[in-house]
Each structure stands twice: as C-alpha cells, then as structure tokens.
Amino acid sequence: MIAISNQQFLQETLNKRAAESALRKLTVENGWIDFCSNDYLGFARSTELTKMIENEFQTTKNIRNGSSGSRLLAGNTEYAEVLEKKIAAYHGFDAALLYNSGYDANIGLFSCIAKRGDTIIYDELIHASVRDGVRLSFANNYSFKHNDIEDLEQKIKSAKGRIFLAVESVYSMDGDCAPLKEIAIICEKYSVLLIVDEAHSIGVFGKNGKGMISELQLEKKVFATVFTFGKAMGCDGAVVCGSDILRNYLINFSRSFIYTTAKPLHGLISINCAYELLKQSQEAITTLKNRIRYFQSKFDKTNHSLTKIESESSIQCLVIPGNESVKRVVSNLQKLNFDVRAILYPTVPKGLERIRICLHTYNTETEIEILAKQFQASV
C-alpha cells in the first residue's frame with residue numbers, strides 16, 4: 001500500500017474542489033420521488049420488461065455467463081449480429097454496431113473517424129464523451145456557439161480537410177434541442193459529415209420513440225447516429241448506426257470496440273426486449289409529453305422571475321447561479337422527499353448552475369404541482 005504522504009497531492013486537489021462547493025459524492029437509492037433519473041418511460045423499473053427479459057433468456061441457448069472475449073475473438077454471437085440489424089432497421093439505417101456504453105461509443109467513433117488534417121467541429125455544449133473522443137483524434141477541432149447556425153457556418157468555412165460535425169439532438173445538461181433541419185442543410189451545402197448523439201431523444205421523440213432524426217426524417221442526411229440504452233430504454237449499452245461501410249470501418253479501427261470484452265447475452269437480450277417494449281409504448285410517450293407540458297405550465301405560473309431553460313424534452317432545467325445557492329435549494333427539496341439534484345460548476349459554466357429535473361411517465365400531476373410550490377418556497 002502506498003503511504004498516505006505519497007497521496008497528499010490527491011487530497012490537496014480534492015480539498016480545492018471542496019472549497020469551491022464542487023466536490024462530487026456518491027449516494028445510494030433513497031426511495032424519494034424520482035425527478036432526477038433518466039428513466040423517462042419507466043423501463044428500468046418495468047416488471048413487464050423484466051418478465052420479457054427472463055422469458056427470452058430462458059428460451060435462448062446460453063452456455064456462458066460472460067461473453068469471454070472481444071467480439072473479434074470469442075465474444076461475438078449470432079444474437080448480437082441479428083440484434084444490430086434489427087436496431088438499424090428500426091431507426092432507418094443500413095447497419096449498426098453495438099458498444100458497451102454511450103461513452104465507449106462516442107470515444108470509439110470520434111477517436112478514429114477523422115484523420116490528421118481533417119477537422120471535427122462540435123457544439124460547445126456537447127457531451128464530455130464526445131469531447132474525450134475528439135481529444136484522442138489527430139484531427140483539428142474546435143467548437144461553435146450553442147445552436148448558433150451563423151457561428152457554425154463561419155467555423156465550417158475556416159475548416160480544413162474532411163469536416164465532421166458533432167451535435168446532440170437533445171442536450172443532456174440543458175434539455176433543449178438542436179436545430180437539426182437547419183444544421184442538415186448547412187452540412188449538405190458544405191459537404192460536412194453530420195454525427196448526432198440521440199442519447200436523450202430515443203424513447204421521447206419520433207414515432208414509437210425512434211428519436212429526433214426519425215421524427216424529422218433526416219436519416220439520409222446523417223453520417224452516423226449514436227443511440228444509448230441507459231436512459232429511456234432502461235438497460236445499458238449503446239449503438240452507432242450508419243452505413244455498412246461505417247460499421248466495417250469501426251470494427252477495424254474503433255479501439256473501444258476492438259479492445260474490450262463484449263456484452264454478455266443477458267445484456268443483449270435486455271436491449272432486444274427493450275426495443276420490443278418500445279414498439280408498444282406510443283401511449284406512454286404521449287403520457288410523458290403531457291407531463292412535460294403540465295410541468296411547464298406549473299413552473300411558468302409559479303415563479304415569473306425564474307430562469308428556466310426552454311426545453312420540450314424530459315429534461316427541464318431551473319438555473320440558480322452559484323454552487324452554494326443551488327445546493328441549498330436542492331437540500332430543502334430533498335428534505336421533502338423530492339429526489340432532485342444540483343448540476344454544479346465545473347460540469348456547467350460558472351453562473352449557470354442549475355437543478356436538472358427529469359420527468360417520467362410515472363410522475364403524477366400532483367407530484368409536479370407540489371414540487372412547483374415547494375420550489376417557490378425554497379428559492
């Protein structure tokens with residue numbers, strides 16, 4: 001064991017973060033009213049989905065608890081390949097490649113897709129996993145102002161080599177949507193390859209939760225799309241959808257795919273069954289949309305001075321500047337058994353700290369109304 005004195009540099013950094021009221025800590029399940037998880041459709045707690053998974057597992061031949069290797073070695077299965085074709089068809093693409101997480105998918109895609117001399121442009125609010133993937137690339141890279149088409153076009157004009165553009169259809173920390181139609185037009189004009197992360201769009205937008213790309217009928221305008229399964233789908237893992245050529249390229253050059261143990265059969269079955277349940281969930285999606293509208297009406301009436309980020313998604317953000325200030329409001333609401341969480345600097349820019357509220361099919365109008373009243377009393 002390394003002596004404590006040799007780890008003091010770690011503690012000093014932690015102390016600095018604590019002094020900024022930005023120290024992160026793990027918490028466990030608490031039984032409070034859930035307004036913070038990404039389980040938008042309730043799939044993660046669905047007994048119906050649990051039974052579907054159990055039944056499928058029992059009827060599928062399985063001789064291993066784990067996959068026992070990467071998919072390029074011993075870890076590939078016919079089940080995985082059939083599932084990829086099913087997912088690609090569901091979302092309107094030619095092919096798909098499964099990854100163990102959304103982070104793995106973005107790291108694997110962006111680290112290998114652009115070469116030295118190429119350029120990756122990304123929205124300034126893009127997810128950290130995309131930024132990390134871009135940093136591992138040899139390409140030039142820079143951001144454009146959030147959802148600003150004019151700034152994006154200027155950045156494209158100054159880019160070199162093959163140009164890739166990374167956006168989220170729904171931004172994870174703000175909940176607002178990218179102007180995808182306008183972005184697609186710009187990309188077509190300048191021959192830019194568009195990559196869209198649909199992590200917070202799947203299950204919420206599009207017919208039967210197919211996502212924003214499907215809702216706007218932009219499948220043919222997109223170079224690659226990333227769907228993740230740890231949010232509305234209620235399980236885990238991710239997939240990159242695109243062309244057959246893209247899939248073969250990633251199999252050969254995406255390091256987070258090549259050098260990792262494949263997801264075991266039970267995980268694949270969970271994804272498959274989640275898609276089967278998603279096909280039947282249009283009524284649940286409609287319920288979710290109604291909850292979003294009800295939340296917006298209550299918070300608009302409750303506090304007219306409130307800074308609320310405009311959003312039509314399940315993510316609704318209430319800006320309370322300052323780490324200490326937002327933590328105080330969150331603490332007051334948690335004492336009333338509302339599971340809400342503060343998003344602090346440096347996760348978001350200083351001055352834009354917020355409560356990130358996630359809405360679900362299982363949140364009642366009564367719960368939302370009480371939350372609105374208690375929020376007003378806490379600020």
# chains A, B, ... in the order shown; residues from 1 in each chain; ligands from 1

$ residues_around --residues "A:Glu84" --least-positions-apart "6" --cutoff "7 Å" --atoms "only C-alpha atoms" --output "PyMOL selection string"
chain A and resi 96-98

$ write_last_selection --atoms "N, CA and C atoms" --output "PDB file, in the first residue's frame"
ATOM      1  N   ALA A  96     -25.584  -1.205 -37.997  1.00  0.00           N
ATOM      2  CA  ALA A  96     -25.361  -0.736 -36.629  1.00  0.00           C
ATOM      3  C   ALA A  96     -24.259  -1.557 -35.983  1.00  0.00           C
ATOM      4  N   LEU A  97     -23.593  -0.962 -34.996  1.00  0.00           N
ATOM      5  CA  LEU A  97     -22.554  -1.661 -34.239  1.00  0.00           C
ATOM      6  C   LEU A  97     -22.746  -1.364 -32.761  1.00  0.00           C
ATOM      7  N   LEU A  98     -22.874  -2.425 -31.963  1.00  0.00           N
ATOM      8  CA  LEU A  98     -23.108  -2.291 -30.533  1.00  0.00           C
ATOM      9  C   LEU A  98     -21.835  -1.961 -29.772  1.00  0.00           C
TER      10      LEU A  98
END

$ select_by_dssp --residues "stretch 24-122 of chain A" --states "helix (DSSP H, G or I)" --output "PyMOL selection string"
chain A and resi 43-45+47-59+78-91+102-113

$ write_last_selection --atoms "C-alpha atoms" --output "tab-separated table (two decimals), in the first residue's frame"
chain	number	residue	atom	x	y	z
A	43	PHE	CA	-38.46	0.89	-18.41
A	44	ALA	CA	-35.78	0.50	-15.73
A	45	ARG	CA	-38.48	-0.27	-13.15
A	47	THR	CA	-41.94	-5.51	-14.30
A	48	GLU	CA	-43.23	-6.17	-17.81
A	49	LEU	CA	-39.76	-5.65	-19.27
A	50	THR	CA	-38.25	-7.82	-16.53
A	51	LYS	CA	-40.57	-10.68	-17.45
A	52	MET	CA	-39.86	-10.24	-21.15
A	53	ILE	CA	-36.12	-10.48	-20.48
A	54	GLU	CA	-36.50	-13.55	-18.26
A	55	ASN	CA	-38.64	-15.35	-20.83
A	56	GLU	CA	-36.29	-14.56	-23.69
A	57	PHE	CA	-33.28	-15.66	-21.65
A	58	GLN	CA	-34.90	-18.99	-20.81
A	59	THR	CA	-35.70	-19.73	-24.44
A	78	GLU	CA	-25.35	-14.58	-33.94
A	79	TYR	CA	-27.71	-12.96	-31.42
A	80	ALA	CA	-25.61	-9.78	-31.41
A	81	GLU	CA	-25.49	-9.56	-35.19
A	82	VAL	CA	-29.24	-10.14	-35.60
A	83	LEU	CA	-29.90	-7.53	-32.92
A	84	GLU	CA	-27.73	-4.97	-34.72
A	85	LYS	CA	-29.68	-5.49	-37.94
A	86	LYS	CA	-32.94	-5.13	-36.04
A	87	ILE	CA	-31.83	-1.86	-34.41
A	88	ALA	CA	-30.52	-0.42	-37.68
A	89	ALA	CA	-33.84	-1.18	-39.42
A	90	TYR	CA	-35.86	0.28	-36.53
A	91	HIS	CA	-34.06	3.61	-36.81
A	102	GLY	CA	-22.57	5.50	-24.72
A	103	TYR	CA	-19.19	6.70	-23.52
A	104	ASP	CA	-17.50	3.80	-25.31
A	105	ALA	CA	-19.45	4.52	-28.48
A	106	ASN	CA	-18.50	8.20	-28.63
A	107	ILE	CA	-14.89	7.55	-27.65
A	108	GLY	CA	-14.61	4.79	-30.25
A	109	LEU	CA	-16.29	6.75	-33.03
A	110	PHE	CA	-14.66	10.15	-32.67
A	111	SER	CA	-11.16	8.93	-31.89
A	112	CYS	CA	-10.86	7.07	-35.19
A	113	ILE	CA	-13.18	8.63	-37.74

$ select_by_dssp --residues "stretch 130-349 of chain A" --states "strand (DSSP E or B)" --output "PyMOL selection string"
chain A and resi 140-144+163-168+170+177+193-197+224-228+238-242+307-308+315-319+338-339+341-343

$ write_last_selection --atoms "C-alpha atoms" --output "short mmCIF file (atom, residue, chain, number, x, y, z; two decimals), in the first residue's frame"
data_model
loop_
_atom_site.label_atom_id
_atom_site.label_comp_id
_atom_site.auth_asym_id
_atom_site.auth_seq_id
_atom_site.Cartn_x
_atom_site.Cartn_y
_atom_site.Cartn_z
CA ASN A 140 -8.10 19.65 -35.82
CA ASN A 141 -11.06 20.51 -33.63
CA TYR A 142 -13.00 23.47 -32.31
CA SER A 143 -16.44 24.30 -31.01
CA PHE A 144 -19.19 26.60 -32.21
CA ILE A 163 -15.10 18.07 -41.95
CA PHE A 164 -17.17 16.28 -39.29
CA LEU A 165 -19.84 17.96 -37.17
CA ALA A 166 -20.95 16.63 -33.76
CA VAL A 167 -24.23 17.65 -32.11
CA GLU A 168 -26.76 16.19 -29.70
CA VAL A 170 -31.31 16.78 -27.09
CA CYS A 177 -32.99 20.52 -28.93
CA LEU A 193 -20.39 14.75 -42.31
CA LEU A 194 -23.05 15.08 -39.59
CA ILE A 195 -22.91 12.93 -36.43
CA VAL A 196 -25.84 13.11 -34.00
CA ASP A 197 -25.96 11.77 -30.43
CA ALA A 224 -23.65 8.47 -38.06
CA THR A 225 -26.04 8.41 -35.13
CA VAL A 226 -25.38 7.22 -31.57
CA PHE A 227 -28.24 5.73 -29.55
CA THR A 228 -27.72 4.80 -25.91
CA ALA A 238 -25.16 1.83 -26.98
CA VAL A 239 -25.09 1.53 -30.75
CA VAL A 240 -23.64 3.50 -33.65
CA CYS A 241 -25.94 3.49 -36.68
CA GLY A 242 -24.89 4.38 -40.21
CA THR A 307 -34.67 31.41 -15.17
CA LYS A 308 -35.84 28.24 -16.89
CA ILE A 315 -35.05 17.44 -19.14
CA GLN A 316 -36.20 20.70 -17.55
CA CYS A 317 -33.55 22.93 -16.00
CA LEU A 318 -34.02 25.66 -13.39
CA VAL A 319 -30.96 27.93 -13.26
CA PHE A 338 -38.10 15.05 -3.80
CA ASP A 339 -35.15 13.40 -5.50
CA ARG A 341 -30.02 17.01 -7.99
CA ALA A 342 -27.83 20.06 -8.44
CA ILE A 343 -25.65 20.37 -11.53
#

$ closest_residue --among "A:Val204, A:Ala22, A:Leu265, A:Leu359" --to "A:Lys61" --atoms "only C-alpha atoms"
A:Leu265

$ atom_distance --atom1 "atom CA of A:Gln376" --atom2 "atom CA of A:Leu336"
13.5 Å
